[in-house]
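What follows is the content of data_27.tsv, which has TSV, C-alpha atoms:
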chain	number	residue	atom	x	y	z
A	1	MET	CA	168.03	145.50	14.63
A	2	SER	CA	169.89	142.43	13.38
A	3	ALA	CA	168.52	140.22	10.61
A	4	PHE	CA	168.31	137.39	13.13
A	5	GLU	CA	166.18	139.47	15.51
A	6	LYS	CA	163.89	140.38	12.62
A	7	LEU	CA	163.70	136.67	11.79
A	8	ARG	CA	162.79	135.87	15.40
A	9	ARG	CA	160.00	138.45	15.32
A	10	VAL	CA	158.63	136.99	12.10
A	11	PHE	CA	158.41	133.56	13.73
A	12	ILE	CA	156.66	134.80	16.90
A	13	GLY	CA	154.33	137.13	15.05
A	14	GLN	CA	155.76	140.44	16.24
A	15	SER	CA	157.05	141.70	12.91
A	16	ASN	CA	155.66	144.78	11.21
A	17	GLN	CA	156.40	146.70	8.04
A	18	ALA	CA	159.21	148.64	9.67
A	19	ASP	CA	160.88	145.41	10.69
A	20	SER	CA	160.53	143.82	7.28
A	21	VAL	CA	163.49	141.77	6.11
A	22	SER	CA	164.10	140.14	2.75
A	23	GLN	CA	164.11	136.38	2.29
A	24	ASP	CA	167.79	136.62	1.34
A	25	ASP	CA	168.55	138.34	4.64
A	26	LEU	CA	166.63	135.68	6.57
A	27	LEU	CA	168.60	132.92	4.90
A	28	LYS	CA	171.93	134.68	5.32
A	29	SER	CA	171.23	135.24	9.01
A	30	VAL	CA	171.30	131.45	9.55
A	31	ASP	CA	174.37	130.94	7.31
A	32	VAL	CA	172.73	129.66	4.14
A	33	PRO	CA	175.19	130.44	1.29
A	34	VAL	CA	172.78	132.57	-0.72
A	35	ILE	CA	173.85	134.34	-3.90
A	36	ASP	CA	172.23	137.53	-5.16
A	37	ALA	CA	171.89	136.51	-8.80
A	38	ASP	CA	169.21	136.25	-11.43
A	39	CYS	CA	167.42	132.91	-11.51
A	40	ARG	CA	167.32	133.05	-15.30
A	41	PHE	CA	170.04	134.25	-17.63
A	42	CYS	CA	167.96	134.32	-20.80
A	43	PRO	CA	165.73	137.32	-21.55
A	44	ASP	CA	161.98	137.24	-21.06
A	45	PRO	CA	160.60	136.47	-23.57
A	46	CYS	CA	163.33	133.91	-24.24
A	47	ASP	CA	165.46	134.13	-27.39
A	48	GLN	CA	167.47	130.94	-26.80
A	49	ASP	CA	165.04	128.32	-28.11
A	50	HIS	CA	164.54	126.75	-24.68
A	51	ASP	CA	161.94	123.99	-24.51
A	52	ASP	CA	159.06	125.28	-22.46
A	53	PHE	CA	156.00	124.02	-20.61
A	54	ALA	CA	154.41	127.44	-20.14
A	55	LYS	CA	150.87	126.14	-20.66
A	56	MET	CA	150.99	124.17	-17.42
A	57	SER	CA	149.08	125.60	-14.48
A	58	ILE	CA	151.66	126.21	-11.74
A	59	ASP	CA	150.90	127.67	-8.31
A	60	MET	CA	152.64	131.04	-8.32
A	61	GLU	CA	150.82	132.40	-5.26
A	62	SER	CA	151.54	130.04	-2.36
A	63	ASP	CA	154.73	130.43	-0.32
A	64	LEU	CA	157.49	128.37	-1.91
A	65	LEU	CA	159.89	128.51	1.02
A	66	GLY	CA	158.61	126.20	3.73
A	67	SER	CA	157.05	123.60	1.41
A	68	VAL	CA	159.50	120.81	2.33
A	69	LYS	CA	158.66	118.36	5.10
A	70	PRO	CA	161.67	117.52	7.34
A	71	TYR	CA	163.29	114.10	7.01
A	72	ARG	CA	166.38	112.42	8.36
A	73	ARG	CA	167.17	110.25	5.38
A	74	GLN	CA	165.87	109.85	1.86
A	75	VAL	CA	166.30	106.67	-0.18
A	76	VAL	CA	165.98	106.30	-3.95
A	77	ILE	CA	165.27	102.72	-5.06
A	78	SER	CA	166.24	101.35	-8.46
A	79	THR	CA	163.31	100.62	-10.81
A	80	GLY	CA	164.48	101.58	-14.30
A	81	LYS	CA	161.21	103.51	-14.69
A	82	SER	CA	160.10	107.14	-14.66
A	83	ASP	CA	156.52	106.60	-13.51
A	84	TRP	CA	155.12	104.40	-10.77
A	85	HIS	CA	152.10	103.32	-8.74
A	86	ARG	CA	150.41	106.42	-7.29
A	87	GLU	CA	151.65	105.56	-3.78
A	88	VAL	CA	154.99	103.79	-4.24
A	89	THR	CA	155.00	102.47	-0.67
A	90	GLU	CA	151.64	100.78	-1.26
A	91	ALA	CA	152.65	98.83	-4.38
A	92	ASP	CA	152.65	95.17	-3.32
A	93	GLY	CA	155.85	93.22	-3.76
A	94	THR	CA	158.11	96.27	-4.17
A	95	LEU	CA	161.10	97.19	-2.07
A	96	ALA	CA	159.48	100.57	-1.38
A	97	ALA	CA	156.51	98.82	0.26
A	98	PHE	CA	158.70	96.39	2.19
A	99	LEU	CA	160.96	99.19	3.38
A	100	CYS	CA	157.96	101.23	4.53
A	101	SER	CA	156.82	98.26	6.62
A	102	ALA	CA	160.28	97.70	8.08
A	103	ASN	CA	160.66	101.37	8.94
A	104	GLU	CA	157.26	101.48	10.64
A	105	ARG	CA	158.22	98.43	12.67
A	106	HIS	CA	161.38	100.07	13.98
A	107	CYS	CA	160.19	103.68	14.23
A	108	THR	CA	156.83	103.42	15.93
A	109	SER	CA	157.01	106.85	17.57
A	110	SER	CA	156.54	110.27	16.01
A	111	ASP	CA	158.81	111.31	13.15
A	112	SER	CA	159.84	114.33	15.20
A	113	THR	CA	162.91	114.03	17.39
A	114	GLY	CA	161.53	116.69	19.71
A	115	LYS	CA	164.36	119.05	18.76
A	116	ALA	CA	163.65	122.45	17.30
A	117	SER	CA	164.87	123.12	13.80
A	118	SER	CA	167.82	125.39	14.54
A	119	ALA	CA	171.02	126.35	12.80
A	120	PRO	CA	174.16	124.31	13.58
A	121	ASN	CA	176.37	125.57	16.42
A	122	ASP	CA	173.81	128.04	17.81
A	123	ASN	CA	170.16	128.42	18.74
A	124	LYS	CA	168.96	130.47	15.78
A	125	PRO	CA	165.63	129.10	14.53
A	126	LEU	CA	165.76	128.06	10.90
A	127	PRO	CA	163.24	129.48	8.41
A	128	PRO	CA	160.38	127.15	7.43
A	129	GLY	CA	161.49	124.37	5.09
A	130	LEU	CA	165.09	124.35	6.31
A	131	PHE	CA	166.19	121.66	8.74
A	132	THR	CA	169.04	119.46	9.93
A	133	GLN	CA	169.05	115.69	10.37
A	134	ASP	CA	168.53	116.13	14.11
A	135	THR	CA	165.10	117.63	13.45
A	136	SER	CA	163.35	114.44	12.29
A	137	ASN	CA	163.62	110.66	12.17
A	138	ARG	CA	161.40	110.47	9.09
A	139	LEU	CA	162.53	108.22	6.25
A	140	SER	CA	161.53	109.53	2.81
A	141	ILE	CA	161.13	106.60	0.40
A	142	LEU	CA	161.35	107.31	-3.33
A	143	ASN	CA	161.57	105.20	-6.46
A	144	GLY	CA	164.18	106.22	-9.00
A	145	SER	CA	164.84	105.79	-12.72
A	146	HIS	CA	168.24	104.14	-12.26
A	147	HIS	CA	168.67	100.43	-12.89
A	148	SER	CA	169.91	97.95	-10.32
A	149	LEU	CA	173.65	97.37	-10.56
A	150	SER	CA	172.96	93.66	-10.13
A	151	LEU	CA	171.51	93.59	-13.66
A	152	HIS	CA	175.00	94.15	-15.09
A	153	HIS	CA	175.89	90.59	-14.05
A	154	ASP	CA	172.50	88.86	-13.98
A	155	PRO	CA	169.78	90.18	-16.30
A	156	ALA	CA	167.17	88.24	-14.32
A	157	SER	CA	168.25	89.58	-10.92
A	158	THR	CA	165.60	90.89	-8.54
A	159	LEU	CA	168.18	92.45	-6.22
A	160	GLU	CA	167.83	96.23	-5.94
A	161	THR	CA	170.27	99.13	-5.72
A	162	VAL	CA	169.43	101.91	-3.28
A	163	ILE	CA	170.91	105.41	-3.07
A	164	ILE	CA	170.91	106.66	0.54
A	165	LEU	CA	170.84	110.39	1.17
A	166	PRO	CA	172.20	112.62	2.54
A	167	ASP	CA	174.75	109.88	3.31
A	168	TYR	CA	175.68	109.92	-0.39
A	169	LYS	CA	175.94	106.16	-0.44
A	170	VAL	CA	175.03	103.42	-2.93
A	171	VAL	CA	173.95	100.06	-1.50
A	172	THR	CA	173.39	97.12	-3.82
A	173	ASP	CA	172.31	93.47	-3.73
A	174	VAL	CA	169.28	94.37	-1.61
A	175	PRO	CA	166.68	91.57	-1.84
A	176	ARG	CA	163.21	92.70	-2.90
A	177	SER	CA	161.62	91.31	0.27
A	178	LEU	CA	160.74	92.25	3.81
A	179	GLU	CA	163.90	90.51	4.96
A	180	GLY	CA	165.93	92.54	2.49
A	181	ALA	CA	164.31	95.76	3.69
A	182	GLU	CA	165.04	94.83	7.30
A	183	THR	CA	168.68	94.18	6.45
A	184	LEU	CA	169.01	97.52	4.68
A	185	TRP	CA	167.37	99.36	7.57
A	186	LYS	CA	169.61	97.79	10.19
A	187	SER	CA	172.81	98.30	8.21
A	188	ALA	CA	172.32	101.82	6.85
A	189	LEU	CA	169.05	103.51	7.85
A	190	ASP	CA	168.87	103.19	11.63
A	191	PRO	CA	168.81	106.80	12.97
A	192	ALA	CA	171.30	105.73	15.65
A	193	TYR	CA	174.08	105.49	13.06
A	194	GLY	CA	175.99	108.13	11.11
A	195	ARG	CA	176.73	108.24	7.41
A	196	SER	CA	179.07	105.24	7.53
A	197	GLY	CA	176.26	102.99	8.84
A	198	ALA	CA	176.25	100.14	11.34
A	199	PRO	CA	179.73	99.35	12.71
A	200	GLU	CA	179.06	95.62	12.98
A	201	ARG	CA	177.43	93.77	10.10
A	202	SER	CA	177.00	90.18	8.98
A	203	ASP	CA	174.94	90.82	5.83
A	204	THR	CA	176.00	90.46	2.20
A	205	LEU	CA	175.09	93.98	1.04
A	206	LYS	CA	177.74	95.94	-0.87
A	207	SER	CA	178.16	99.70	-0.69
A	208	TRP	CA	180.12	102.51	-2.27
A	209	VAL	CA	180.26	106.27	-1.99
A	210	LEU	CA	178.02	107.76	-4.70
A	211	PRO	CA	180.75	108.64	-7.24
A	212	TYR	CA	179.44	112.01	-8.47
A	213	SER	CA	180.06	115.65	-7.64
A	214	CYS	CA	176.33	116.17	-7.34
A	215	LEU	CA	173.07	114.27	-7.68
A	216	ILE	CA	170.13	115.99	-9.41
A	217	LEU	CA	166.69	114.53	-8.74
A	218	LEU	CA	163.76	115.47	-11.00
A	219	CYS	CA	160.23	114.51	-10.01
A	220	SER	CA	158.57	112.75	-12.98
A	221	HIS	CA	155.68	110.95	-11.25
A	222	LYS	CA	152.86	111.16	-13.82
A	223	ARG	CA	150.38	109.06	-11.84
A	224	ARG	CA	150.58	111.68	-9.08
A	225	ASP	CA	150.56	114.74	-11.32
A	226	LYS	CA	151.19	114.99	-15.05
A	227	ARG	CA	152.90	118.37	-14.63
A	228	CYS	CA	155.94	116.65	-13.13
A	229	ALA	CA	156.02	114.15	-16.00
A	230	ILE	CA	155.99	117.02	-18.50
A	231	ALA	CA	158.69	119.03	-16.72
A	232	ALA	CA	161.20	116.27	-15.91
A	233	PRO	CA	162.37	115.27	-19.44
A	234	VAL	CA	162.66	118.92	-20.47
A	235	LEU	CA	164.74	119.73	-17.38
A	236	GLU	CA	166.90	116.62	-17.79
A	237	LYS	CA	167.74	117.61	-21.36
A	238	THR	CA	168.49	121.21	-20.39
A	239	PHE	CA	170.61	120.33	-17.34
A	240	THR	CA	172.62	117.94	-19.51
A	241	GLN	CA	173.11	120.62	-22.15
A	242	TYR	CA	174.42	123.30	-19.78
A	243	LEU	CA	176.53	120.95	-17.64
A	244	GLU	CA	178.25	119.47	-20.70
A	245	ARG	CA	178.82	122.99	-22.01
A	246	GLU	CA	180.77	123.63	-18.77
A	247	GLY	CA	182.88	120.50	-19.32
A	248	TRP	CA	181.01	118.26	-16.86
A	249	GLU	CA	180.41	114.57	-17.42
A	250	VAL	CA	176.69	113.81	-17.12
A	251	HIS	CA	175.09	110.43	-16.44
A	252	THR	CA	171.38	109.60	-16.44
A	253	ASP	CA	171.91	106.16	-14.93
A	254	LEU	CA	174.17	104.92	-12.18
A	255	GLU	CA	177.46	103.60	-13.50
A	256	ASP	CA	178.57	100.03	-12.79
A	257	LEU	CA	180.60	100.10	-9.56
A	258	SER	CA	181.46	96.42	-9.33
A	259	GLY	CA	185.07	97.01	-10.37
A	260	LYS	CA	185.70	99.47	-7.54
A	261	PRO	CA	186.56	98.63	-3.90
A	262	THR	CA	183.52	98.50	-1.64
A	263	LEU	CA	183.23	100.46	1.58
A	264	GLU	CA	182.84	97.38	3.77
A	265	PRO	CA	186.56	96.72	4.45
A	266	LEU	CA	187.12	100.42	5.24
A	267	LEU	CA	184.15	100.70	7.59
A	268	SER	CA	184.63	97.45	9.52
A	269	ALA	CA	184.03	97.26	13.25
A	270	GLY	CA	187.76	97.46	13.90
A	271	ASN	CA	188.06	100.90	12.31
A	272	ALA	CA	187.46	103.54	14.97
A	273	ASP	CA	187.73	106.33	12.38
A	274	ALA	CA	185.05	105.02	10.02
A	275	GLU	CA	183.32	108.42	9.68
A	276	THR	CA	186.64	110.14	8.96
A	277	VAL	CA	187.53	107.57	6.31
A	278	TYR	CA	184.09	107.93	4.77
A	279	GLN	CA	184.31	111.72	4.69
A	280	SER	CA	187.74	111.60	3.04
A	281	GLN	CA	186.21	109.75	0.08
A	282	LEU	CA	183.34	112.22	-0.13
A	283	ALA	CA	185.67	115.22	-0.02
A	284	ALA	CA	187.37	114.13	-3.25
A	285	LEU	CA	184.16	114.18	-5.30
A	286	PRO	CA	183.33	117.86	-5.99
A	287	GLY	CA	186.43	118.43	-8.10
A	288	GLN	CA	185.61	115.56	-10.45
A	289	HIS	CA	182.85	117.51	-12.24
A	290	ARG	CA	180.54	114.55	-12.70
A	291	ALA	CA	176.76	114.80	-12.30
A	292	LEU	CA	174.11	112.11	-12.00
A	293	ILE	CA	170.58	113.08	-13.07
A	294	LEU	CA	167.74	110.77	-12.05
A	295	ARG	CA	163.97	110.94	-12.26
A	296	ASN	CA	162.12	110.13	-9.06
A	297	SER	CA	158.68	109.55	-7.59
A	298	HIS	CA	156.51	112.07	-5.77
A	299	ILE	CA	158.27	114.30	-3.24
A	300	GLY	CA	155.36	116.60	-2.42
A	301	GLY	CA	154.58	119.99	-3.91
A	302	HIS	CA	153.66	118.94	-7.45
A	303	LYS	CA	151.81	122.25	-7.73
A	304	PHE	CA	155.31	123.79	-7.82
A	305	ALA	CA	156.54	121.74	-10.82
A	306	GLY	CA	159.24	121.48	-12.03
A	307	ASN	CA	160.66	120.17	-8.80
A	308	VAL	CA	164.41	119.75	-8.49
A	309	ILE	CA	166.55	118.48	-5.61
A	310	ILE	CA	170.33	118.90	-5.72
A	311	TYR	CA	172.44	116.83	-3.32
A	312	THR	CA	176.13	117.43	-2.62
A	313	PRO	CA	178.73	115.14	-1.01
A	314	THR	CA	178.69	117.31	2.14
A	315	GLY	CA	175.16	116.07	2.87
A	316	ALA	CA	173.35	119.22	1.75
A	317	SER	CA	170.16	119.07	-0.29
A	318	VAL	CA	168.79	122.14	-2.06
A	319	TRP	CA	165.12	121.92	-3.07
A	320	TYR	CA	163.97	124.18	-5.89
A	321	GLY	CA	160.44	124.66	-7.22
A	322	ARG	CA	158.77	126.32	-10.21
A	323	VAL	CA	161.90	125.46	-12.19
A	324	THR	CA	161.68	125.83	-15.97
A	325	SER	CA	164.28	125.37	-18.68
A	326	HIS	CA	164.91	129.13	-18.43
A	327	HIS	CA	166.27	128.69	-14.88
A	328	VAL	CA	168.65	125.82	-15.57
A	329	GLU	CA	171.65	127.82	-16.82
A	330	SER	CA	171.60	129.91	-13.64
A	331	ILE	CA	171.18	126.84	-11.41
A	332	VAL	CA	174.13	125.16	-13.11
A	333	ALA	CA	176.35	128.23	-12.79
A	334	ASN	CA	175.35	129.34	-9.30
A	335	THR	CA	174.35	126.19	-7.41
A	336	ILE	CA	175.92	123.16	-9.11
A	337	ILE	CA	179.25	124.81	-9.98
A	338	ASP	CA	179.57	127.58	-7.37
A	339	GLY	CA	177.59	125.91	-4.57
A	340	ARG	CA	175.38	128.92	-3.82
A	341	VAL	CA	171.64	128.99	-3.22
A	342	LEU	CA	169.13	130.90	-5.35
A	343	SER	CA	166.59	132.24	-2.89
A	344	PRO	CA	163.63	133.09	-5.19
A	345	ILE	CA	163.09	129.47	-6.26
A	346	LEU	CA	164.05	127.82	-2.95
A	347	ARG	CA	161.51	125.45	-1.38
A	348	GLY	CA	163.81	124.45	1.48
A	349	GLY	CA	166.54	121.94	2.16
A	350	LEU	CA	168.49	119.69	4.46
A	351	ASN	CA	171.81	120.81	5.97
A	352	ILE	CA	172.04	124.01	3.90
A	353	ALA	CA	172.57	126.27	6.92
A	354	ARG	CA	176.35	125.98	7.01
A	355	PRO	CA	178.20	128.24	9.49
A	356	GLY	CA	181.67	129.15	8.29
A	357	CYS	CA	181.05	127.76	4.80
A	358	ARG	CA	180.95	129.81	1.62
A	359	THR	CA	179.20	127.10	-0.41
A	360	VAL	CA	177.18	123.89	0.01
A	361	TYR	CA	180.32	122.01	-1.04
A	362	ASP	CA	182.38	123.25	1.90
A	363	TRP	CA	182.86	121.10	5.00

Can you present the structure in this file as structure tokens?
Amino acid sequence: MSAFEKLRRVFIGQSNQADSVSQDDLLKSVDVPVIDADCRFCPDPCDQDHDDFAKMSIDMESDLLGSVKPYRRQVVISTGKSDWHREVTEADGTLAAFLCSANERHCTSSDSTGKASSAPNDNKPLPPGLFTQDTSNRLSILNGSHHSLSLHHDPASTLETVIILPDYKVVTDVPRSLEGAETLWKSALDPAYGRSGAPERSDTLKSWVLPYSCLILLCSHKRRDKRCAIAAPVLEKTFTQYLEREGWEVHTDLEDLSGKPTLEPLLSAGNADAETVYQSQLAALPGQHRALILRNSHIGGHKFAGNVIIYTPTGASVWYGRVTSHHVESIVANTIIDGRVLSPILRGGLNIARPGCRTVYDW
């Protein structure tokens, strides 16, 4: 019996002990680039002086895989902070709140698109927690620790900078208002448009491809759960340590992009190949060995702290849970550098079922 048939039986409740199949096999059967490797390289107990948060109470019993709610896009809004109002979309006067209102106005129906979560190019059902953008229209709204790029030129600016994922795009000069949120939604977040956004625009927003080989998001939302606030700084320090040891350039804030050409001239209405042009810029990023690490607001699953999301220019997001400093060296080597997924700590992910691809960096 094939791994896929075993997977199908698991989903419809017809599996038994004789049909049992490992989680690795399930993921491989839908073309997730899994690697059979240890999730920690250091011995247990550790002899490498890793910072630890072992005293935290972490849920080690619940299923980790399947703990990610499908979404079509995720935005990370500049705040320059690492902790926020308990519900960021309910904090009056913030872009997160305005954007939530704008999104609700335009997407009044169910988040679901009505399409089953299945692997690209075939009808194989994806395991719980794995999905493609076609599965949902949901917009996930996060606050981030990065500062607005507008502050480089006007320290009093209230214009925000938003990272749009999995598009891997930076949009700046977004007014902190309902009008600003509406403009952002219509130009870049409408589910009808691809990664390059609306083909015809009259706004003044500026955008660039996110200029990093990968983006690492670390939940640090103390007002939701202090475990995330404890884990995030330890993980940020450890990721920086191991990435720099491998010769990578690591940033913990978005670099100033004002001196670089914006995407707007390339993605104008007269360019019929806007998506191709956009992808060509993305394809050049993995080889640059540059990582951006940001702290972000609640993403769900704080009982699985530390929570880590890794985005790649191909539009893949790998969600890991129960991550400690002991796991970081393996994540850097296997996922960030080699583009392979570590099954034991996988919560789920967007666009990580990749037929014909060896890694999450492959197109």

- request: Would you mind telling me which residue in A:Ser297, A:Ser213, A:Thr172, A:Ser280 lies nearest to Val76 (chain A) when using all atoms listed in the file?
  value: A:Ser297

message: Would you compute the distance between CA of Gln48 (chain A) and CA of Glu329 (chain A)? Give it in Å to one decimal.
response: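 Going from CA of Gln48 (chain A) over to CA of Glu329 (chain A) covers 11.3 Å.
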
field: Minimum-distance residue to Leu257 (chain A), chosen among A:Trp208, A:Asp63, A:Asp203, A:Lys169 (using only C-alpha atoms)
entry: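 Nearest to Leu257 (chain A): A:Trp208.
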
- prompt: Quick one: distance from CA of Cys219 (chain A) to CA of Ser150 (chain A) in Å, one decimal?
  reply: 24.4 Å

task: Could you give me, as a PyMOL selection string, the residues that sit within 7 Å of (175.3, 97.1, -8.8) in the file's coordinates, counting all atoms listed in the file?
output: chain A and resi 148-150+152+161+172-173+256-258

query: What does the distance from CA of Lys237 (chain A) to CA of Tyr212 (chain A) come to in Å, to one decimal?
result: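 These atoms are spaced 18.3 Å apart.
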
Residues within 12 Å of Arg224 (chain A), all atoms listed in the file, excluding chain neighbours under 4 positions, as an mmCIF file with C-alpha atoms, in the frame of the given file:
data_model
loop_
_atom_site.group_PDB
_atom_site.id
_atom_site.type_symbol
_atom_site.label_atom_id
_atom_site.label_comp_id
_atom_site.auth_asym_id
_atom_site.auth_seq_id
_atom_site.Cartn_x
_atom_site.Cartn_y
_atom_site.Cartn_z
ATOM 1 C CA SER A 82 160.100 107.140 -14.660
ATOM 2 C CA ASP A 83 156.520 106.600 -13.510
ATOM 3 C CA TRP A 84 155.120 104.400 -10.770
ATOM 4 C CA HIS A 85 152.100 103.320 -8.740
ATOM 5 C CA ARG A 86 150.410 106.420 -7.290
ATOM 6 C CA GLU A 87 151.650 105.560 -3.780
ATOM 7 C CA VAL A 88 154.990 103.790 -4.240
ATOM 8 C CA CYS A 219 160.230 114.510 -10.010
ATOM 9 C CA SER A 220 158.570 112.750 -12.980
ATOM 10 C CA CYS A 228 155.940 116.650 -13.130
ATOM 11 C CA ALA A 229 156.020 114.150 -16.000
ATOM 12 C CA ASN A 296 162.120 110.130 -9.060
ATOM 13 C CA SER A 297 158.680 109.550 -7.590
ATOM 14 C CA HIS A 298 156.510 112.070 -5.770
ATOM 15 C CA ILE A 299 158.270 114.300 -3.240
ATOM 16 C CA GLY A 300 155.360 116.600 -2.420
ATOM 17 C CA GLY A 301 154.580 119.990 -3.910
ATOM 18 C CA HIS A 302 153.660 118.940 -7.450
ATOM 19 C CA LYS A 303 151.810 122.250 -7.730
ATOM 20 C CA ALA A 305 156.540 121.740 -10.820
#

I'd like a table as CSV: residues in region 304-335 of chain A with an atom no more than 10 Å from region 52-57 of chain A, each row giving the shortest atom pair and its distance in Å to one decimal, only C-alpha atoms counted, sorted by chain and rising residue number.
residue,atom,partner,partner_atom,distance
A:Phe304,CA,A:Ser57,CA,9.3
A:Ala305,CA,A:Met56,CA,9.0
A:Gly306,CA,A:Phe53,CA,9.5
A:Thr324,CA,A:Asp52,CA,7.0
A:Ser325,CA,A:Asp52,CA,6.4
A:His326,CA,A:Asp52,CA,8.1

message: I need the residue nearest Ala91 (chain A) from this list: A:Ile164, A:Ala333, A:Asn143, A:Arg227. Use all atoms listed in the file for the distance.
response: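 The shortest atom-to-atom distance to Ala91 (chain A) comes from A:Asn143.
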
- prompt: Leu165 (chain A): which residues within 9 Å, counting all atoms listed in the file, same-chain residues fewer than 2 positions away excluded, as a ChimeraX atom specification?
  reply: /A:72-76,163,167-169,195,311,315,317

Option closest in space to Gly349 (chain A), from A:Gly197, A:Pro166, A:Gly80, A:Gly144 [counting all atoms listed in the file]: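 Looking only at the distances to Gly349 (chain A), the closest residue turns out to be A:Pro166.
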
- prompt: For Leu178 (chain A), which residue out of A:Thr158, A:Ser202, A:Ser101, A:Thr238 is the nearest one, using only C-alpha atoms?
  reply: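 Nearest to Leu178 (chain A): A:Ser101.
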
With 3 Å of padding per side, what axis-aligned box (centre and edge lengths, Å, one decimal) covers all the listed atoms of region 309-313 of chain A? Give it as lines of an AutoDock Vina configuration file.
center_x = 172.6
center_y = 117.0
center_z = -3.4
size_x = 18.2
size_y = 9.8
size_z = 10.7

message: Would you pick out the contacts of Val162 (chain A) at 6 Å or less, using all atoms listed in the file, so that residues sharing its chain but fewer than 3 positions from it are not included, and give the list as a list in words?
response: Val76, Ile77, Val170 and Val171 of chain A

- prompt: Of the candidates A:Asn334, A:Leu217, A:Glu264, A:Ile35, which shows the shortest atom-to-atom distance to Ser187 (chain A), using all atoms listed in the file?
  reply: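 When distances to Ser187 (chain A) are compared using all atoms listed in the file, the smallest one comes from A:Glu264.
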